[in-house]
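entry29.pdb, holding PDB, C-alpha atoms:
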ATOM      1  CA  MET A  18       9.468  -0.688  26.145
ATOM      2  CA  GLN A  19       6.723   1.450  24.606
ATOM      3  CA  SER A  20       6.908   5.221  24.522
ATOM      4  CA  PRO A  21       4.097   7.144  26.261
ATOM      5  CA  ARG A  22       2.687   8.059  22.847
ATOM      6  CA  GLN A  23       2.615   4.441  21.736
ATOM      7  CA  GLN A  24       1.023   3.385  25.012
ATOM      8  CA  SER A  25      -1.677   5.996  24.475
ATOM      9  CA  LEU A  26      -2.291   4.461  21.035
ATOM     10  CA  TYR A  27      -2.908   0.999  22.503
ATOM     11  CA  ASP A  28      -5.072   2.501  25.246
ATOM     12  CA  ALA A  29      -7.210   4.315  22.680
ATOM     13  CA  LEU A  30      -7.612   1.193  20.536
ATOM     14  CA  ALA A  31      -8.860  -0.677  23.590
ATOM     15  CA  THR A  32     -11.761   1.733  23.979
ATOM     16  CA  ARG A  33     -12.823   2.956  20.544
ATOM     17  CA  ILE A  34     -12.442   2.788  16.770
ATOM     18  CA  LEU A  35      -9.660   5.058  15.540
ATOM     19  CA  VAL A  36      -9.994   7.136  12.375
ATOM     20  CA  LEU A  37      -7.238   7.107   9.775
ATOM     21  CA  ASP A  38      -7.005  10.064   7.440
ATOM     22  CA  GLY A  39      -7.760   9.881   3.711
ATOM     23  CA  ALA A  40      -5.964  10.234   0.400
ATOM     24  CA  MET A  41      -2.717  12.141   0.029
ATOM     25  CA  GLY A  42      -1.808  11.691  -3.656
ATOM     26  CA  THR A  43      -5.153  12.670  -5.144
ATOM     27  CA  ARG A  44      -5.314  15.644  -2.773
ATOM     28  CA  LEU A  45      -1.881  16.868  -3.878
ATOM     29  CA  MET A  46      -2.945  16.615  -7.518
ATOM     30  CA  GLU A  47      -5.623  19.234  -6.791
ATOM     31  CA  HIS A  48      -2.748  21.756  -6.832
ATOM     32  CA  LYS A  49      -2.081  20.757 -10.472
ATOM     33  CA  PRO A  50       1.666  20.554  -9.812
ATOM     34  CA  THR A  51       3.988  21.462 -12.680
ATOM     35  CA  PRO A  52       7.372  19.814 -13.306
ATOM     36  CA  ALA A  53       8.921  22.789 -11.498
ATOM     37  CA  ASP A  54       6.772  22.075  -8.432
ATOM     38  CA  PHE A  55       8.247  18.572  -8.284
ATOM     39  CA  GLY A  56      11.776  20.004  -8.464
ATOM     40  CA  GLY A  57      12.308  19.617 -12.198
ATOM     41  CA  PRO A  58      11.121  17.376 -15.054
ATOM     42  CA  GLN A  59      13.258  14.500 -13.788
ATOM     43  CA  PHE A  60      11.167  14.382 -10.571
ATOM     44  CA  GLU A  61       7.718  14.678 -12.137
ATOM     45  CA  ASN A  62       5.192  12.472 -10.292
ATOM     46  CA  CYS A  63       7.586  11.941  -7.389
ATOM     47  CA  ASN A  64       5.131  13.017  -4.698
ATOM     48  CA  GLU A  65       7.708  12.408  -1.993
ATOM     49  CA  ASN A  66       9.861  15.239  -3.352
ATOM     50  CA  LEU A  67       6.926  17.580  -2.707
ATOM     51  CA  CYS A  68       7.777  17.224   0.997
ATOM     52  CA  ARG A  69      10.889  19.211   0.137
ATOM     53  CA  MET A  70       9.503  21.483  -2.583
ATOM     54  CA  HIS A  71       6.067  22.247  -1.111
ATOM     55  CA  PRO A  72       5.912  21.278   2.571
ATOM     56  CA  GLU A  73       3.019  23.731   2.967
ATOM     57  CA  TRP A  74       0.883  21.544   0.664
ATOM     58  CA  ILE A  75       1.589  18.476   2.780
ATOM     59  CA  LEU A  76       0.858  20.304   6.021
ATOM     60  CA  GLN A  77      -2.399  21.653   4.580
ATOM     61  CA  VAL A  78      -3.608  18.131   3.767
ATOM     62  CA  HIS A  79      -2.630  16.865   7.221
ATOM     63  CA  ARG A  80      -4.327  19.765   9.001
ATOM     64  CA  GLU A  81      -7.542  19.398   7.006
ATOM     65  CA  TYR A  82      -7.770  15.723   7.964
ATOM     66  CA  LEU A  83      -7.124  16.601  11.599
ATOM     67  CA  ASP A  84      -9.874  19.231  11.398
ATOM     68  CA  ALA A  85     -12.168  16.498  10.064
ATOM     69  CA  GLY A  86     -11.426  14.328  13.117
ATOM     70  CA  ALA A  87      -8.609  12.007  12.048
ATOM     71  CA  ASP A  88      -6.756  10.267  14.869
ATOM     72  CA  ILE A  89      -3.914   8.958  12.691
ATOM     73  CA  LEU A  90      -2.092  10.732   9.858
ATOM     74  CA  LYS A  91      -0.449   8.753   7.064
ATOM     75  CA  THR A  92       2.850  10.239   5.902
ATOM     76  CA  ASN A  93       3.564  11.353   2.332
ATOM     77  CA  SER A  94       6.175   8.605   1.967
ATOM     78  CA  PHE A  95       4.432   5.862  -0.015
ATOM     79  CA  GLN A  96       7.289   5.654  -2.547
ATOM     80  CA  ALA A  97      10.117   6.834  -0.268
ATOM     81  CA  SER A  98      12.168   3.657  -0.586
ATOM     82  CA  PRO A  99      15.515   3.390  -2.386
ATOM     83  CA  ILE A 100      14.112   0.866  -4.876
ATOM     84  CA  VAL A 101      11.415   3.253  -6.110
ATOM     85  CA  LEU A 102      13.384   6.490  -5.797
ATOM     86  CA  ALA A 103      16.121   4.932  -7.943
ATOM     87  CA  GLU A 104      13.742   5.511 -10.859
ATOM     88  CA  PHE A 105      14.213   9.263 -10.213
ATOM     89  CA  GLY A 106      17.936   8.974  -9.526
ATOM     90  CA  ILE A 107      17.624   9.889  -5.835
ATOM     91  CA  GLU A 108      17.763   6.508  -4.116
ATOM     92  CA  ASP A 109      20.447   7.867  -1.785
ATOM     93  CA  GLN A 110      17.896  10.403  -0.458
ATOM     94  CA  ALA A 111      15.264   7.856   0.589
ATOM     95  CA  ARG A 112      15.997   8.008   4.293
ATOM     96  CA  GLU A 113      16.045  11.807   4.245
ATOM     97  CA  LEU A 114      12.721  12.078   2.373
ATOM     98  CA  ALA A 115      11.040   9.479   4.575
ATOM     99  CA  ALA A 116      12.193  11.347   7.681
ATOM    100  CA  LEU A 117      10.965  14.658   6.260
ATOM    101  CA  ALA A 118       7.547  13.179   5.479
ATOM    102  CA  ALA A 119       7.267  11.895   9.053
ATOM    103  CA  LYS A 120       8.422  15.222  10.524
ATOM    104  CA  LEU A 121       5.705  17.107   8.623
ATOM    105  CA  ALA A 122       3.015  14.716   9.845
ATOM    106  CA  ARG A 123       4.445  14.835  13.364
ATOM    107  CA  GLN A 124       4.367  18.658  13.279
ATOM    108  CA  ALA A 125       0.692  18.692  12.319
ATOM    109  CA  ALA A 126      -0.191  15.963  14.826
ATOM    110  CA  ALA A 127       1.551  17.867  17.621
ATOM    111  CA  GLU A 128      -0.394  21.020  16.789
ATOM    112  CA  TYR A 129      -3.695  19.176  17.304
ATOM    113  CA  SER A 130      -2.824  16.702  20.062
ATOM    114  CA  THR A 131      -4.298  17.137  23.523
ATOM    115  CA  SER A 132      -4.132  14.913  26.581
ATOM    116  CA  ALA A 133      -7.752  13.946  25.937
ATOM    117  CA  LYS A 134      -7.245  13.348  22.203
ATOM    118  CA  PRO A 135      -3.703  12.494  21.147
ATOM    119  CA  ARG A 136      -2.941  12.225  17.424
ATOM    120  CA  TRP A 137      -0.559   9.690  15.926
ATOM    121  CA  VAL A 138       1.539   9.287  12.796
ATOM    122  CA  ALA A 139       1.623   6.196  10.587
ATOM    123  CA  GLY A 140       4.644   5.953   8.312
ATOM    124  CA  SER A 141       3.273   4.951   4.914
ATOM    125  CA  MET A 142       5.281   2.246   3.097
ATOM    126  CA  GLY A 143       4.036   1.107  -0.305
ATOM    127  CA  PRO A 144       4.612  -2.174  -2.134
ATOM    128  CA  THR A 145       7.229  -0.604  -4.454
ATOM    129  CA  THR A 146       7.136  -1.001  -8.232
ATOM    130  CA  LYS A 147       8.781  -4.445  -7.988
ATOM    131  CA  SER A 148       7.252  -7.831  -7.232
ATOM    132  CA  LEU A 149       8.846 -11.048  -6.039
ATOM    133  CA  SER A 150       5.962 -13.193  -7.283
ATOM    134  CA  LEU A 151       4.668 -11.453 -10.418
ATOM    135  CA  ARG A 152       7.862 -10.390 -12.183
ATOM    136  CA  ALA A 153      10.721 -11.638 -10.012
ATOM    137  CA  ASP A 154      12.485  -8.358 -10.869
ATOM    138  CA  VAL A 155      13.972  -7.974  -7.390
ATOM    139  CA  THR A 156      15.404 -10.246  -4.714
ATOM    140  CA  PHE A 157      13.985 -10.704  -1.220
ATOM    141  CA  GLN A 158      17.145  -9.226   0.296
ATOM    142  CA  GLN A 159      17.067  -6.169  -1.987
ATOM    143  CA  LEU A 160      13.471  -5.454  -0.991
ATOM    144  CA  SER A 161      14.151  -5.965   2.688
ATOM    145  CA  ASP A 162      17.200  -3.681   2.576
ATOM    146  CA  SER A 163      15.142  -1.002   0.791
ATOM    147  CA  TYR A 164      12.357  -1.153   3.382
ATOM    148  CA  TYR A 165      14.953  -1.001   6.146
ATOM    149  CA  VAL A 166      16.181   2.389   4.902
ATOM    150  CA  GLN A 167      12.636   3.722   4.478
ATOM    151  CA  ALA A 168      11.567   2.531   7.934
ATOM    152  CA  GLN A 169      14.647   4.052   9.546
ATOM    153  CA  GLY A 170      13.784   7.448   8.082
ATOM    154  CA  LEU A 171      10.135   7.274   9.121
ATOM    155  CA  LEU A 172      11.002   6.364  12.705
ATOM    156  CA  GLU A 173      13.680   9.084  12.875
ATOM    157  CA  GLY A 174      11.070  11.598  11.727
ATOM    158  CA  GLY A 175       8.651  10.643  14.490
ATOM    159  CA  ALA A 176       6.328   7.956  13.100
ATOM    160  CA  ASP A 177       4.492   6.008  15.804
ATOM    161  CA  ILE A 178       3.406   3.198  13.474
ATOM    162  CA  LEU A 179       4.878   1.622  10.352
ATOM    163  CA  LEU A 180       2.041   1.103   7.864
ATOM    164  CA  PHE A 181       2.654  -1.304   4.995
ATOM    165  CA  GLU A 182      -0.240  -0.431   2.679
ATOM    166  CA  THR A 183      -1.610  -1.324  -0.764
ATOM    167  CA  PHE A 184       0.294  -4.616  -0.871
ATOM    168  CA  PHE A 185      -0.487  -6.879  -3.811
ATOM    169  CA  ASP A 186       2.125  -9.577  -3.083
ATOM    170  CA  THR A 187       2.521 -11.195   0.336
ATOM    171  CA  ARG A 188       6.143 -12.037  -0.423
ATOM    172  CA  ASN A 189       6.930  -8.316  -0.737
ATOM    173  CA  LEU A 190       5.186  -7.814   2.592
ATOM    174  CA  LYS A 191       7.331 -10.469   4.245
ATOM    175  CA  ALA A 192      10.430  -8.641   3.039
ATOM    176  CA  GLY A 193       9.111  -5.540   4.788
ATOM    177  CA  LEU A 194       8.461  -7.467   7.982
ATOM    178  CA  ARG A 195      12.016  -8.792   7.908
ATOM    179  CA  ALA A 196      13.297  -5.201   7.773
ATOM    180  CA  VAL A 197      11.180  -4.230  10.783
ATOM    181  CA  GLN A 198      12.471  -7.213  12.742
ATOM    182  CA  LYS A 199      16.033  -6.050  12.090
ATOM    183  CA  ILE A 200      15.240  -2.563  13.370
ATOM    184  CA  GLU A 201      13.469  -3.958  16.430
ATOM    185  CA  ARG A 202      16.577  -5.969  17.316
ATOM    186  CA  GLU A 203      18.695  -2.822  16.982
ATOM    187  CA  PHE A 204      16.272  -0.671  19.002
ATOM    188  CA  GLY A 205      15.620  -3.352  21.612
ATOM    189  CA  HIS A 206      11.842  -2.838  21.553
ATOM    190  CA  ARG A 207       8.771  -3.601  19.465
ATOM    191  CA  ILE A 208       7.474  -1.241  16.786
ATOM    192  CA  PRO A 209       3.705  -0.989  16.121
ATOM    193  CA  VAL A 210       3.097  -2.283  12.591
ATOM    194  CA  MET A 211      -0.013  -2.260  10.409
ATOM    195  CA  LEU A 212      -0.350  -4.526   7.359
ATOM    196  CA  SER A 213      -2.826  -3.629   4.636
ATOM    197  CA  GLY A 214      -3.336  -5.647   1.478
ATOM    198  CA  THR A 215      -5.278  -4.704  -1.614
ATOM    199  CA  ILE A 216      -7.842  -7.073  -3.133
ATOM    200  CA  GLU A 217      -8.789  -6.377  -6.746
ATOM    201  CA  ARG A 218     -12.382  -6.370  -7.954
ATOM    202  CA  TRP A 219     -12.078 -10.001  -9.124
ATOM    203  CA  GLY A 220     -11.468 -11.122  -5.525
ATOM    204  CA  ALA A 221      -7.730 -11.622  -5.115
ATOM    205  CA  MET A 222      -4.458  -9.716  -4.868
ATOM    206  CA  LEU A 223      -2.537  -9.133  -8.107
ATOM    207  CA  ALA A 224      -0.162 -11.935  -7.121
ATOM    208  CA  GLY A 225      -3.159 -14.258  -6.741
ATOM    209  CA  GLN A 226      -3.657 -14.504  -2.979
ATOM    210  CA  THR A 227      -7.218 -14.387  -1.670
ATOM    211  CA  VAL A 228      -7.887 -12.574   1.592
ATOM    212  CA  ASP A 229      -7.688 -15.761   3.677
ATOM    213  CA  ALA A 230      -4.365 -16.669   2.018
ATOM    214  CA  PHE A 231      -3.143 -13.124   2.663
ATOM    215  CA  TYR A 232      -3.995 -13.439   6.344
ATOM    216  CA  ALA A 233      -2.489 -16.924   6.638
ATOM    217  CA  SER A 234       0.773 -15.635   5.151
ATOM    218  CA  VAL A 235       1.272 -12.965   7.809
ATOM    219  CA  ALA A 236      -0.716 -14.302  10.787
ATOM    220  CA  HIS A 237       2.515 -15.255  12.536
ATOM    221  CA  ALA A 238       3.531 -11.602  12.856
ATOM    222  CA  ASP A 239       2.434  -9.898  16.070
ATOM    223  CA  VAL A 240       1.123  -6.702  14.468
ATOM    224  CA  LEU A 241      -1.008  -3.798  15.619
ATOM    225  CA  ALA A 242      -3.613  -4.396  12.889
ATOM    226  CA  ILE A 243      -4.204  -6.143   9.597
ATOM    227  CA  GLY A 244      -6.582  -4.895   6.945
ATOM    228  CA  LEU A 245      -7.361  -3.830   3.413
ATOM    229  CA  ASN A 246      -7.090  -0.616   1.435
ATOM    230  CA  CYS A 247      -7.183   0.779  -2.104
ATOM    231  CA  ALA A 248      -8.341  -1.034  -5.290
ATOM    232  CA  THR A 249     -12.085  -0.680  -4.649
ATOM    233  CA  GLY A 250     -14.683   1.110  -2.579
ATOM    234  CA  PRO A 251     -16.022  -0.365   0.653
ATOM    235  CA  ASP A 252     -18.914  -2.163  -1.075
ATOM    236  CA  LEU A 253     -16.590  -4.581  -2.884
ATOM    237  CA  MET A 254     -14.570  -5.063   0.315
ATOM    238  CA  THR A 255     -17.506  -6.334   2.364
ATOM    239  CA  ASP A 256     -16.908 -10.072   2.003
ATOM    240  CA  HIS A 257     -13.156  -9.692   2.422
ATOM    241  CA  ILE A 258     -13.386  -7.567   5.578
ATOM    242  CA  ARG A 259     -15.907 -10.035   7.012
ATOM    243  CA  THR A 260     -13.466 -12.875   6.382
ATOM    244  CA  LEU A 261     -10.575 -10.955   7.940
ATOM    245  CA  ALA A 262     -12.641 -10.094  11.004
ATOM    246  CA  GLN A 263     -13.578 -13.762  11.453
ATOM    247  CA  MET A 264     -10.011 -15.021  11.032
ATOM    248  CA  SER A 265      -7.923 -12.311  12.633
ATOM    249  CA  SER A 266      -6.456 -12.619  16.106
ATOM    250  CA  THR A 267      -5.520  -8.935  16.019
ATOM    251  CA  ARG A 268      -7.254  -5.666  15.134
ATOM    252  CA  VAL A 269      -8.742  -5.073  11.675
ATOM    253  CA  SER A 270      -8.393  -1.911   9.587
ATOM    254  CA  CYS A 271     -10.063  -0.689   6.401
ATOM    255  CA  HIS A 272      -9.293   2.401   4.328
ATOM    256  CA  PRO A 273     -10.943   1.958   0.916
ATOM    257  CA  ASN A 274     -10.919   4.137  -2.161
ATOM    258  CA  ALA A 275     -13.859   6.448  -2.815
ATOM    259  CA  GLY A 276     -15.251   3.748  -5.101
ATOM    260  CA  LEU A 277     -13.873   2.830  -8.523
ATOM    261  CA  PRO A 278     -12.752   5.722 -10.743
ATOM    262  CA  ASN A 279     -14.805   6.412 -13.881
ATOM    263  CA  GLU A 280     -13.427   6.959 -17.388
ATOM    264  CA  GLU A 281     -12.402  10.499 -16.360
ATOM    265  CA  ASP A 282     -10.511   9.157 -13.326
ATOM    266  CA  LYS A 283     -13.041  10.718 -10.975
ATOM    267  CA  TYR A 284     -14.044   8.866  -7.813
ATOM    268  CA  LEU A 285     -17.797   8.793  -7.367
ATOM    269  CA  GLU A 286     -18.329   7.902  -3.714
ATOM    270  CA  THR A 287     -19.266  10.865  -1.527
ATOM    271  CA  PRO A 288     -18.313  11.317   2.133
ATOM    272  CA  GLU A 289     -21.914  10.420   3.025
ATOM    273  CA  SER A 290     -22.008   7.225   0.983
ATOM    274  CA  MET A 291     -18.564   6.155   2.251
ATOM    275  CA  ALA A 292     -19.652   6.744   5.835
ATOM    276  CA  ARG A 293     -22.842   4.727   5.392
ATOM    277  CA  GLN A 294     -20.945   1.734   4.070
ATOM    278  CA  LEU A 295     -18.174   1.840   6.654
ATOM    279  CA  GLU A 296     -20.812   2.274   9.344
ATOM    280  CA  LYS A 297     -22.147  -1.167   8.403
ATOM    281  CA  PHE A 298     -18.723  -2.676   9.003
ATOM    282  CA  VAL A 299     -18.655  -0.984  12.395
ATOM    283  CA  ALA A 300     -22.147  -2.192  13.280
ATOM    284  CA  TYR A 301     -21.096  -5.784  12.594
ATOM    285  CA  GLY A 302     -18.081  -5.339  14.879
ATOM    286  CA  TRP A 303     -15.544  -5.913  12.113
ATOM    287  CA  LEU A 304     -13.341  -2.816  12.434
ATOM    288  CA  ASN A 305     -10.871  -1.239  14.841
ATOM    289  CA  LEU A 306      -9.501   1.385  12.442
ATOM    290  CA  ALA A 307     -11.290   3.058   9.538
ATOM    291  CA  GLY A 308     -10.228   5.664   7.011
ATOM    292  CA  GLY A 309      -9.889   6.430   3.324
ATOM    293  CA  CYS A 310      -7.541   5.871   0.395
ATOM    294  CA  CYS A 311      -7.539   7.224  -3.184
ATOM    295  CA  GLY A 312     -10.162   9.831  -3.969
ATOM    296  CA  THR A 313     -11.228  10.410  -0.368
ATOM    297  CA  THR A 314     -11.164  13.858   1.191
TER     298      THR A 314
END

Output the file's structure as C-alpha cells, nothing else.
Amino acid sequence: MQSPRQQSLYDALATRILVLDGAMGTRLMEHKPTPADFGGPQFENCNENLCRMHPEWILQVHREYLDAGADILKTNSFQASPIVLAEFGIEDQARELAALAAKLARQAAAEYSTSAKPRWVAGSMGPTTKSLSLRADVTFQQLSDSYYVQAQGLLEGGADILLFETFFDTRNLKAGLRAVQKIEREFGHRIPVMLSGTIERWGAMLAGQTVDAFYASVAHADVLAIGLNCATGPDLMTDHIRTLAQMSSTRVSCHPNAGLPNEEDKYLETPESMARQLEKFVAYGWLNLAGGCCGTT
C-alpha cells in the first residue's frame, strides 16, 4: 500500500513533468572543503561524510534547488554504500550516513511542501567503484548486499524514491534491483524506483551496452521511471532519449550534465542553454522528469 506522499507523487506525474534538482557534488566543492571539513585526511573526497560534518552545506544546496522550483531532491548519498565506504574505512556506517542524507533532504522538502505543491526525496544510489562486467572485482551477491544496506538507510531517513543513477553496467543495476525486491518483500509493499544509466559520448555505457540494450536489460522491472544522466550534456543525449521514449512502457527521465567539462574542469552549459535543449525533449513528448547532474546549479 502506498503512503499518501507516494500517492501524491504518482498523481503529480499523471498531470505534469516533475523537476529534479541539480548537482550536489560540484556544488559542495564550491565551499573548497579542506581535509578537516571532511572529518580528517582519511575522509577526503568522501562527500557523504559532509552530511555529518557540514549538514548546513547540504541543507543550503537543497533549499536553493527548492527555491528554483525543484519538485524532487536527490540525497547526498551517491557513495553511501558499504562497498564504496570501505575505501574510507567506514563501511559499517553506510546505513547511518544514508539515513542522515535522506533526513536532511526530507527536512528541506518538508519546509517547502504545501498541499498544492508537495516536494519529494529521491535516495541517490550510485554504481559504486566496482563493476561486474568490466573488472569482475565484486560478486553479484556482494553488490546486492551493499545496496540493501544503503537502501535501508535511505528509506529509514524518509526517501520516497530509490534512484539508481549514473549506472555504466546493467549487471550492477540488476544487483541493486535484487536488493530492492528483498526490501519490498520485508515491507510488504512496492517502493518507487528510478533507473538512470549513463551513455558515454561514443554512444554506449562503459560496459558496452547501448541505450536499447540498457532498456531491454531492465524492462522487466516495474519501475517509476527509466532514464539517462551524467556523462554528457543534453545535446549528446538526444538520440538516446528519443530511443528510450519510443521503447519505454514507463516514464522517462533525463538529468544531464551541464555539457562536457573543459580542460579546466569547468562546465560550459548555462541554465538558459540547458533549458532550451531540455525544452525540445519536452516538446517532442519524451520526458516525464527533467533535472540536472554535474555542473548544474

Checklist entry - What does the PyMOL selection byres ((chain A and resi 52) around 12) select in this file, as a list of chain:residue names? => result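 Applied to this file, the PyMOL selection byres ((chain A and resi 52) around 12) returns A:Lys49, A:Pro50, A:Thr51, A:Ala53, A:Asp54, A:Phe55, A:Gly56, A:Gly57, A:Pro58, A:Gln59, A:Phe60, A:Glu61, A:Asn62, A:Cys63, A:Asn64, A:Asn66, A:Leu67, A:Met70.
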
Restricting the output to C-alpha atoms, write the selected residues as a compact mmCIF listing (two decimals), in the coordinates of the input.
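File result_15.txt, as written:
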# COMPACT_ATOMS: atom_id res chain seq x y z
CA LYS A 49 -2.08 20.76 -10.47
CA PRO A 50 1.67 20.55 -9.81
CA THR A 51 3.99 21.46 -12.68
CA ALA A 53 8.92 22.79 -11.50
CA ASP A 54 6.77 22.08 -8.43
CA PHE A 55 8.25 18.57 -8.28
CA GLY A 56 11.78 20.00 -8.46
CA GLY A 57 12.31 19.62 -12.20
CA PRO A 58 11.12 17.38 -15.05
CA GLN A 59 13.26 14.50 -13.79
CA PHE A 60 11.17 14.38 -10.57
CA GLU A 61 7.72 14.68 -12.14
CA ASN A 62 5.19 12.47 -10.29
CA CYS A 63 7.59 11.94 -7.39
CA ASN A 64 5.13 13.02 -4.70
CA ASN A 66 9.86 15.24 -3.35
CA LEU A 67 6.93 17.58 -2.71
CA MET A 70 9.50 21.48 -2.58

Checklist entry - When the PyMOL selection byres ((chain A and resi 221-231) around 12) is applied to the file above, which residues end up in the set, as a PyMOL selection string? => result chain A and resi 144+147-153+183-191+212-220+232-237+243-249+253-265

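Using only C-alpha atoms, the residues found no farther than 9 Å from Tyr165 in chain A, other than those of its own chain fewer than 2 positions away, are Ser98, Leu160, Ser161, Asp162, Ser163, Gln167, Ala168, Gln169, Gly170, Gly193, Arg195, Ala196, Val197, Lys199 and Ile200 of chain A.
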
Enclose all atoms of range 76-85 of chain A listed in the file in an axis-aligned box, grow every side by 5 Å, and hand back centre and edge lengths in Å to one decimal, as lines of an AutoDock Vina configuration file.
center_x = -5.7
center_y = 18.7
center_z = 7.7
size_x = 23.0
size_y = 15.9
size_z = 17.8

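The result of the PyMOL selection byres ((chain A and resi 277) around 10) on the shown file is Arg218, Cys247, Ala248, Thr249, Gly250, Pro251, Leu253, Pro273, Asn274, Ala275, Gly276, Pro278, Asn279, Glu280, Asp282, Lys283, Tyr284, Leu285, Glu286, Cys311 and Gly312 of chain A.
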
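If you measure from each of A:Trp74, A:Phe204, A:Tyr82, A:Trp303 to Arg136 in chain A using only C-alpha atoms, the closest one turns out to be A:Tyr82.
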
Checklist entry - Which distance in Å separates CA of His48 in chain A and CA of Leu180 in chain A, to one decimal? => result 25.8 Å

Checklist entry - What is the CA of Ala85 in chain A-CA of Ala300 in chain A distance in Å, reported with one decimal? => result 21.4 Å

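The space between CA of Leu102 in chain A and CA of Gln158 in chain A spans 17.3 Å.
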
Next on the checklist: Neighbouring residues of Leu172 in chain A were defined as those with any atom within 10 Å, considering all atoms listed in the file; residues of the same chain fewer than 2 positions away were excluded. Please report them as JSON, numbers by chain.
Outcome noted: {"A": [112, 115, 116, 119, 120, 138, 139, 140, 167, 168, 169, 170, 174, 175, 176, 177, 178, 179, 200, 208]}

Checklist entry - Quick one: residues within 8 Å of Met41 in chain A, all atoms listed in the file counted, chain neighbours fewer than 5 positions away excluded, as a ChimeraX atom specification? => result /A:78,93,310-311
